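Chemist: Structure in structure tokens, see below.
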Amino acid sequence: MEGLIRDREREIILKNMVQKLKKQEFEQRCAREKGAETVWRRGEIMGAHLWCYHFVPRTMELAKRYIENCYFLRQTPYSGAVFIAQTLNQAQGRYARKWYALSGGLWFSFILYPEVESPYIHLYPLVLGIACCEALREIGINVYIKWVNDLVFNRHKVGGILGETYLSSQKEAYLIFGIGINVNNTLPSTLDIPAISLKEIIGKELNIDLLFSLILIKLIWYIGLVHEAEVKKETHKIIDVWLKYTNILGQKMYYAEDLK
């Protein structure tokens, strides 16, 4: 987009890596799960269009600009389009809390044109957490989902997931999700909450692009499962998996608009 420098080399690397992993994951799913091909095809929009940048303020804002640019050019925005950046300088968490998104972390957003109705649309945030957990556990990091949107390791925050509904200038509603994970980046010592990077957990640097590719592959499957849930009028499969990865069962929960 205008004024931003694309990382085309990274785009090529990611597209090749994703393509290789997609083939492996698809074959494994089909070998062990009935109806896997249908589920996979429904979620395959994820990452079919992907843009990488060196430096942007926020990838979620980038996604909004993309939607509006498409309408300006009389084009249809791609559902499942992904935007990745090496560094963000205006990253935010819930309630506009500052998020330190320096080089070395995994920072990306994607858009979805919701093709399912309520209550199934509310499964999207759950499957994002599931996909991140499964990808991280696959590389040996035993993270959990802390309600509502945190990825945690031993009570330390590893990453977060943010979602919002964006009403375009053409009055079309899109879902925009942002995912941020501390991978190899150095964290400030002044954070209000305990946080940790994956590098600190395992004692060595990780391949950020491989981690992204693993998460994207999981998202293809679970976004497809959301569509299957609506078709079959059931949600238990996704809920059961989410419960397996959360650490809140049996704990007291406090709810407020912005609980301190």
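In the structure tokens, the first chain shown is A, the next is B, and so on; residue numbers restart at 1 for each chain, and ligands run from 1 in the order shown.
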Contacts of Lys157 of chain A at 6 Å or less, counting only C-alpha atoms, minus same-chain residues fewer than 3 places along, as a PyMOL selection string?
Modeler: chain A and resi 151-152+195
Chemist: Where in segment 86-240 of chain A does DSSP assign strand (DSSP E or B), given as number ranges by chain?
Modeler: A: 86-88, 92, 98, 101, 103, 105-112, 144-146, 150-153, 156-167, 173-181, 195
Chemist: Please, could you write that set of residues out with N, CA and C atoms as a CSV table (one decimal), in the first residue's frame?
Modeler:
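Resulting contents of out_21.csv:
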```csv
chain,number,residue,atom,x,y,z
A,86,GLN,N,7.2,-6.8,10.4
A,86,GLN,CA,8.4,-7.1,11.2
A,86,GLN,C,8.3,-6.3,12.5
A,87,THR,N,7.9,-5.0,12.4
A,87,THR,CA,7.8,-4.1,13.6
A,87,THR,C,6.6,-3.3,13.5
A,88,LEU,N,5.9,-3.1,14.7
A,88,LEU,CA,4.8,-2.2,14.8
A,88,LEU,C,5.1,-1.1,15.8
A,92,GLN,N,-1.5,-2.3,19.8
A,92,GLN,CA,-2.4,-2.1,21.0
A,92,GLN,C,-3.0,-3.5,21.3
A,98,LYS,N,-1.1,-0.4,25.5
A,98,LYS,CA,0.1,-0.4,24.6
A,98,LYS,C,0.7,-1.8,24.6
A,101,ALA,N,5.7,-4.2,20.2
A,101,ALA,CA,5.8,-5.1,19.0
A,101,ALA,C,7.1,-4.8,18.2
A,103,SER,N,10.9,-5.8,16.5
A,103,SER,CA,11.5,-6.8,15.6
A,103,SER,C,11.9,-8.0,16.4
A,105,GLY,N,9.4,-10.4,17.0
A,105,GLY,CA,8.1,-11.1,17.4
A,105,GLY,C,7.3,-11.4,16.1
A,106,LEU,N,6.2,-12.1,16.3
A,106,LEU,CA,5.3,-12.4,15.2
A,106,LEU,C,4.1,-11.6,15.4
A,107,TRP,N,3.9,-10.7,14.4
A,107,TRP,CA,2.8,-9.7,14.4
A,107,TRP,C,2.0,-9.8,13.1
A,108,PHE,N,0.8,-10.2,13.2
A,108,PHE,CA,0.0,-10.3,11.9
A,108,PHE,C,-1.5,-10.1,12.2
A,109,SER,N,-2.2,-9.7,11.2
A,109,SER,CA,-3.7,-9.6,11.2
A,109,SER,C,-4.2,-10.2,9.9
A,110,PHE,N,-5.5,-10.6,10.0
A,110,PHE,CA,-6.2,-11.1,8.8
A,110,PHE,C,-7.7,-10.7,8.9
A,111,ILE,N,-8.3,-10.7,7.7
A,111,ILE,CA,-9.7,-10.3,7.6
A,111,ILE,C,-10.5,-11.5,7.3
A,112,LEU,N,-11.8,-11.5,7.7
A,112,LEU,CA,-12.7,-12.5,7.4
A,112,LEU,C,-14.1,-11.8,7.0
A,144,TYR,N,-1.1,-22.3,27.2
A,144,TYR,CA,-2.5,-22.4,27.5
A,144,TYR,C,-3.3,-21.1,27.1
A,145,ILE,N,-4.6,-21.2,26.9
A,145,ILE,CA,-5.4,-20.1,26.6
A,145,ILE,C,-6.0,-19.6,27.9
A,146,LYS,N,-5.7,-18.3,28.2
A,146,LYS,CA,-6.3,-17.7,29.4
A,146,LYS,C,-7.4,-16.8,28.9
A,150,ASP,N,-5.6,-14.3,25.9
A,150,ASP,CA,-4.2,-14.4,26.2
A,150,ASP,C,-3.6,-15.8,26.0
A,151,LEU,N,-2.4,-15.9,25.5
A,151,LEU,CA,-1.6,-17.1,25.4
A,151,LEU,C,-0.6,-17.1,26.5
A,152,VAL,N,-0.6,-18.1,27.4
A,152,VAL,CA,0.2,-18.0,28.6
A,152,VAL,C,1.1,-19.2,28.8
A,153,PHE,N,2.2,-19.0,29.5
A,153,PHE,CA,3.1,-20.1,29.8
A,153,PHE,C,3.5,-19.9,31.2
A,156,HIS,N,2.8,-16.5,32.7
A,156,HIS,CA,3.4,-15.4,31.9
A,156,HIS,C,2.8,-15.3,30.5
A,157,LYS,N,2.5,-14.1,30.1
A,157,LYS,CA,1.9,-13.9,28.8
A,157,LYS,C,2.9,-14.0,27.7
A,158,VAL,N,2.6,-14.9,26.8
A,158,VAL,CA,3.4,-15.1,25.6
A,158,VAL,C,2.9,-14.3,24.4
A,159,GLY,N,1.6,-14.2,24.3
A,159,GLY,CA,0.9,-13.6,23.2
A,159,GLY,C,-0.5,-13.2,23.5
A,160,GLY,N,-1.1,-12.5,22.5
A,160,GLY,CA,-2.5,-12.1,22.7
A,160,GLY,C,-3.2,-12.1,21.3
A,161,ILE,N,-4.5,-12.2,21.4
A,161,ILE,CA,-5.4,-12.2,20.2
A,161,ILE,C,-6.4,-11.1,20.4
A,162,LEU,N,-6.6,-10.3,19.4
A,162,LEU,CA,-7.5,-9.2,19.4
A,162,LEU,C,-8.4,-9.3,18.2
A,163,GLY,N,-9.7,-9.1,18.4
A,163,GLY,CA,-10.7,-9.1,17.3
A,163,GLY,C,-11.6,-7.9,17.4
A,164,GLU,N,-12.1,-7.5,16.2
A,164,GLU,CA,-13.1,-6.5,16.1
A,164,GLU,C,-13.9,-6.6,14.8
A,165,THR,N,-15.1,-6.0,14.9
A,165,THR,CA,-15.9,-5.9,13.7
A,165,THR,C,-15.7,-4.6,13.0
A,166,TYR,N,-15.4,-4.6,11.8
A,166,TYR,CA,-15.2,-3.3,11.0
A,166,TYR,C,-16.3,-3.1,10.0
A,167,LEU,N,-17.0,-2.0,10.1
A,167,LEU,CA,-18.0,-1.7,9.1
A,167,LEU,C,-17.4,-0.7,8.1
A,173,ALA,N,-19.8,-5.5,6.8
A,173,ALA,CA,-19.1,-5.8,8.0
A,173,ALA,C,-18.1,-6.9,7.8
A,174,TYR,N,-16.9,-6.6,8.3
A,174,TYR,CA,-15.8,-7.6,8.2
A,174,TYR,C,-15.3,-7.9,9.7
A,175,LEU,N,-14.8,-9.1,9.9
A,175,LEU,CA,-14.1,-9.4,11.1
A,175,LEU,C,-12.6,-9.2,10.9
A,176,ILE,N,-11.9,-8.5,11.8
A,176,ILE,CA,-10.5,-8.3,11.7
A,176,ILE,C,-9.9,-8.8,13.0
A,177,PHE,N,-8.9,-9.7,12.8
A,177,PHE,CA,-8.2,-10.3,14.0
A,177,PHE,C,-6.7,-10.0,13.9
A,178,GLY,N,-6.2,-9.7,15.1
A,178,GLY,CA,-4.8,-9.5,15.2
A,178,GLY,C,-4.2,-10.5,16.2
A,179,ILE,N,-3.0,-11.0,15.8
A,179,ILE,CA,-2.3,-11.9,16.7
A,179,ILE,C,-0.9,-11.4,16.9
A,180,GLY,N,-0.5,-11.4,18.2
A,180,GLY,CA,0.9,-11.0,18.5
A,180,GLY,C,1.5,-12.0,19.4
A,181,ILE,N,2.7,-12.5,19.1
A,181,ILE,CA,3.4,-13.5,19.9
A,181,ILE,C,4.8,-13.0,20.1
A,195,ALA,N,5.3,-11.1,31.5
A,195,ALA,CA,5.4,-11.6,30.1
A,195,ALA,C,6.7,-12.3,29.9
```
Chemist: For Met46 of chain A, please output as a ChimeraX atom specification all residues within 7 Å (counting only C-alpha atoms; exclusion window: fewer than 5 positions along the same chain).
Modeler: /A:80-81,220
Chemist: Just asking: which residues within segment 45-237 of chain A are helix (DSSP H, G or I) according to DSSP, as a ChimeraX atom specification?
Modeler: /A:59-72,94-96,120-138,198-202,208-232,236-237
Chemist: Residues as selected, C-alpha atoms, written as a PDB file, in the first residue's frame, can you do that?
Modeler:
```
ATOM      1  CA  THR A  59      -1.499  -4.507  11.055  1.00  0.00           C
ATOM      2  CA  MET A  60      -5.191  -4.243  11.994  1.00  0.00           C
ATOM      3  CA  GLU A  61      -5.275  -0.712  10.604  1.00  0.00           C
ATOM      4  CA  LEU A  62      -3.471  -2.018   7.531  1.00  0.00           C
ATOM      5  CA  ALA A  63      -6.284  -4.535   7.051  1.00  0.00           C
ATOM      6  CA  LYS A  64      -8.860  -1.733   7.203  1.00  0.00           C
ATOM      7  CA  ARG A  65      -6.932   0.305   4.635  1.00  0.00           C
ATOM      8  CA  TYR A  66      -6.828  -2.722   2.377  1.00  0.00           C
ATOM      9  CA  ILE A  67     -10.610  -3.121   2.554  1.00  0.00           C
ATOM     10  CA  GLU A  68     -11.206   0.538   1.713  1.00  0.00           C
ATOM     11  CA  ASN A  69      -8.626   0.518  -1.099  1.00  0.00           C
ATOM     12  CA  CYS A  70     -10.388  -2.459  -2.648  1.00  0.00           C
ATOM     13  CA  TYR A  71     -13.709  -0.651  -2.616  1.00  0.00           C
ATOM     14  CA  PHE A  72     -12.089   2.485  -4.054  1.00  0.00           C
ATOM     15  CA  ARG A  94      -7.566  -4.718  24.550  1.00  0.00           C
ATOM     16  CA  TYR A  95      -8.862  -1.323  25.697  1.00  0.00           C
ATOM     17  CA  ALA A  96      -6.089   0.340  23.630  1.00  0.00           C
ATOM     18  CA  TYR A 120     -21.434 -19.766  15.187  1.00  0.00           C
ATOM     19  CA  ILE A 121     -19.680 -16.494  14.419  1.00  0.00           C
ATOM     20  CA  HIS A 122     -18.586 -16.424  18.075  1.00  0.00           C
ATOM     21  CA  LEU A 123     -16.501 -19.540  17.471  1.00  0.00           C
ATOM     22  CA  TYR A 124     -13.946 -17.586  15.438  1.00  0.00           C
ATOM     23  CA  PRO A 125     -12.065 -16.147  18.464  1.00  0.00           C
ATOM     24  CA  LEU A 126     -11.969 -19.599  20.054  1.00  0.00           C
ATOM     25  CA  VAL A 127     -10.391 -21.280  17.040  1.00  0.00           C
ATOM     26  CA  LEU A 128      -7.700 -18.598  16.871  1.00  0.00           C
ATOM     27  CA  GLY A 129      -6.584 -19.523  20.374  1.00  0.00           C
ATOM     28  CA  ILE A 130      -6.732 -23.220  19.518  1.00  0.00           C
ATOM     29  CA  ALA A 131      -4.629 -22.759  16.369  1.00  0.00           C
ATOM     30  CA  CYS A 132      -1.952 -20.813  18.243  1.00  0.00           C
ATOM     31  CA  CYS A 133      -1.845 -23.356  21.079  1.00  0.00           C
ATOM     32  CA  GLU A 134      -1.552 -26.320  18.750  1.00  0.00           C
ATOM     33  CA  ALA A 135       1.203 -24.692  16.699  1.00  0.00           C
ATOM     34  CA  LEU A 136       3.216 -23.760  19.786  1.00  0.00           C
ATOM     35  CA  ARG A 137       2.783 -27.183  21.363  1.00  0.00           C
ATOM     36  CA  GLU A 138       3.911 -28.741  18.110  1.00  0.00           C
ATOM     37  CA  LEU A 198       9.468 -18.035  23.432  1.00  0.00           C
ATOM     38  CA  LYS A 199      13.233 -17.540  23.209  1.00  0.00           C
ATOM     39  CA  GLU A 200      13.398 -17.155  26.996  1.00  0.00           C
ATOM     40  CA  ILE A 201      11.339 -20.310  27.482  1.00  0.00           C
ATOM     41  CA  ILE A 202      13.425 -22.651  25.347  1.00  0.00           C
ATOM     42  CA  ILE A 208       9.371 -16.902  13.179  1.00  0.00           C
ATOM     43  CA  ASP A 209       8.252 -17.710   9.662  1.00  0.00           C
ATOM     44  CA  LEU A 210       7.907 -21.391  10.503  1.00  0.00           C
ATOM     45  CA  LEU A 211       5.779 -20.529  13.538  1.00  0.00           C
ATOM     46  CA  PHE A 212       3.536 -18.302  11.427  1.00  0.00           C
ATOM     47  CA  SER A 213       3.171 -21.048   8.825  1.00  0.00           C
ATOM     48  CA  LEU A 214       2.218 -23.611  11.468  1.00  0.00           C
ATOM     49  CA  ILE A 215      -0.419 -21.277  12.921  1.00  0.00           C
ATOM     50  CA  LEU A 216      -1.828 -20.520   9.474  1.00  0.00           C
ATOM     51  CA  ILE A 217      -2.126 -24.224   8.649  1.00  0.00           C
ATOM     52  CA  LYS A 218      -4.026 -24.814  11.886  1.00  0.00           C
ATOM     53  CA  LEU A 219      -6.272 -21.853  11.097  1.00  0.00           C
ATOM     54  CA  ILE A 220      -7.199 -23.337   7.722  1.00  0.00           C
ATOM     55  CA  TRP A 221      -8.513 -26.419   9.500  1.00  0.00           C
ATOM     56  CA  TYR A 222     -10.313 -24.690  12.348  1.00  0.00           C
ATOM     57  CA  ILE A 223     -11.883 -21.931  10.241  1.00  0.00           C
ATOM     58  CA  GLY A 224     -13.233 -24.795   8.147  1.00  0.00           C
ATOM     59  CA  LEU A 225     -14.589 -26.410  11.309  1.00  0.00           C
ATOM     60  CA  VAL A 226     -16.535 -23.235  12.130  1.00  0.00           C
ATOM     61  CA  HIS A 227     -18.339 -23.577   8.796  1.00  0.00           C
ATOM     62  CA  GLU A 228     -18.930 -27.275   9.428  1.00  0.00           C
ATOM     63  CA  ALA A 229     -20.358 -26.454  12.861  1.00  0.00           C
ATOM     64  CA  GLU A 230     -23.019 -24.258  11.265  1.00  0.00           C
ATOM     65  CA  VAL A 231     -23.852 -26.835   8.595  1.00  0.00           C
ATOM     66  CA  LYS A 232     -24.268 -29.578  11.192  1.00  0.00           C
ATOM     67  CA  HIS A 236     -19.189 -29.349  20.568  1.00  0.00           C
ATOM     68  CA  LYS A 237     -16.121 -30.346  18.527  1.00  0.00           C
TER      69      LYS A 237
END
```
Chemist: Between A:Glu44, A:Arg6, A:Lys22, A:Val241, which one has atoms that come closest to Val56 of chain A, using only C-alpha atoms?
Modeler: A:Arg6
Chemist: Within 9 Å of segment 191-194 of chain A, counting only C-alpha atoms, which residues show up once you throw out same-chain ones fewer than 2 positions away? Write them as a list in words, please.
Modeler: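 My reading of the contact set: Arg155, His156, Lys157, Leu187, Pro188, Ser189 and Ile196 of chain A.
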Chemist: Include C-alpha atoms and write out the residues we just selected as a tab-separated table (two decimals), in the first residue's frame.
Modeler:
```tsv
chain	number	residue	atom	x	y	z
A	155	ARG	CA	1.32	-17.54	34.24
A	156	HIS	CA	3.44	-15.39	31.94
A	157	LYS	CA	1.89	-13.86	28.84
A	187	LEU	CA	10.65	-7.38	26.40
A	188	PRO	CA	10.76	-4.14	28.42
A	189	SER	CA	11.37	-4.53	32.16
A	196	ILE	CA	7.90	-13.84	28.48
```
Chemist: A:Leu14, A:Ile141, A:Leu73, A:Ile45: which is nearest Glu115 of chain A, counting only C-alpha atoms?
Modeler: A:Ile45
Chemist: Find the distance between atom CA of His54 of chain A and atom CA of Leu21 of chain A and write it in Å to one decimal.
Modeler: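 Distance between the two atoms: 24.2 Å.
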Chemist: Could you give me, as a Markdown table, a per-residue list for segment 1-27 of chain A showing, wherever an atom lies at most 12 Å from an atom of segment 33-39 of chain A, the closest pair of atoms and their distance in Å to one decimal, using only C-alpha atoms and sorting by chain then residue number from low to high?
Modeler:
```
| residue | atom | partner | partner_atom | distance |
| --- | --- | --- | --- | --- |
| A:Lys23 | CA | A:Glu37 | CA | 11.8 |
| A:Glu25 | CA | A:Ala36 | CA | 10.6 |
| A:Phe26 | CA | A:Glu37 | CA | 7.6 |
| A:Glu27 | CA | A:Glu37 | CA | 9.1 |
```
Chemist: Taking only C-alpha atoms into account, name the residue in A:Trp242, A:Phe83, A:Thr186, A:Val116 that is nearest to Arg42 of chain A.
Modeler: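 For Arg42 of chain A, the nearest of the given residues is A:Val116.
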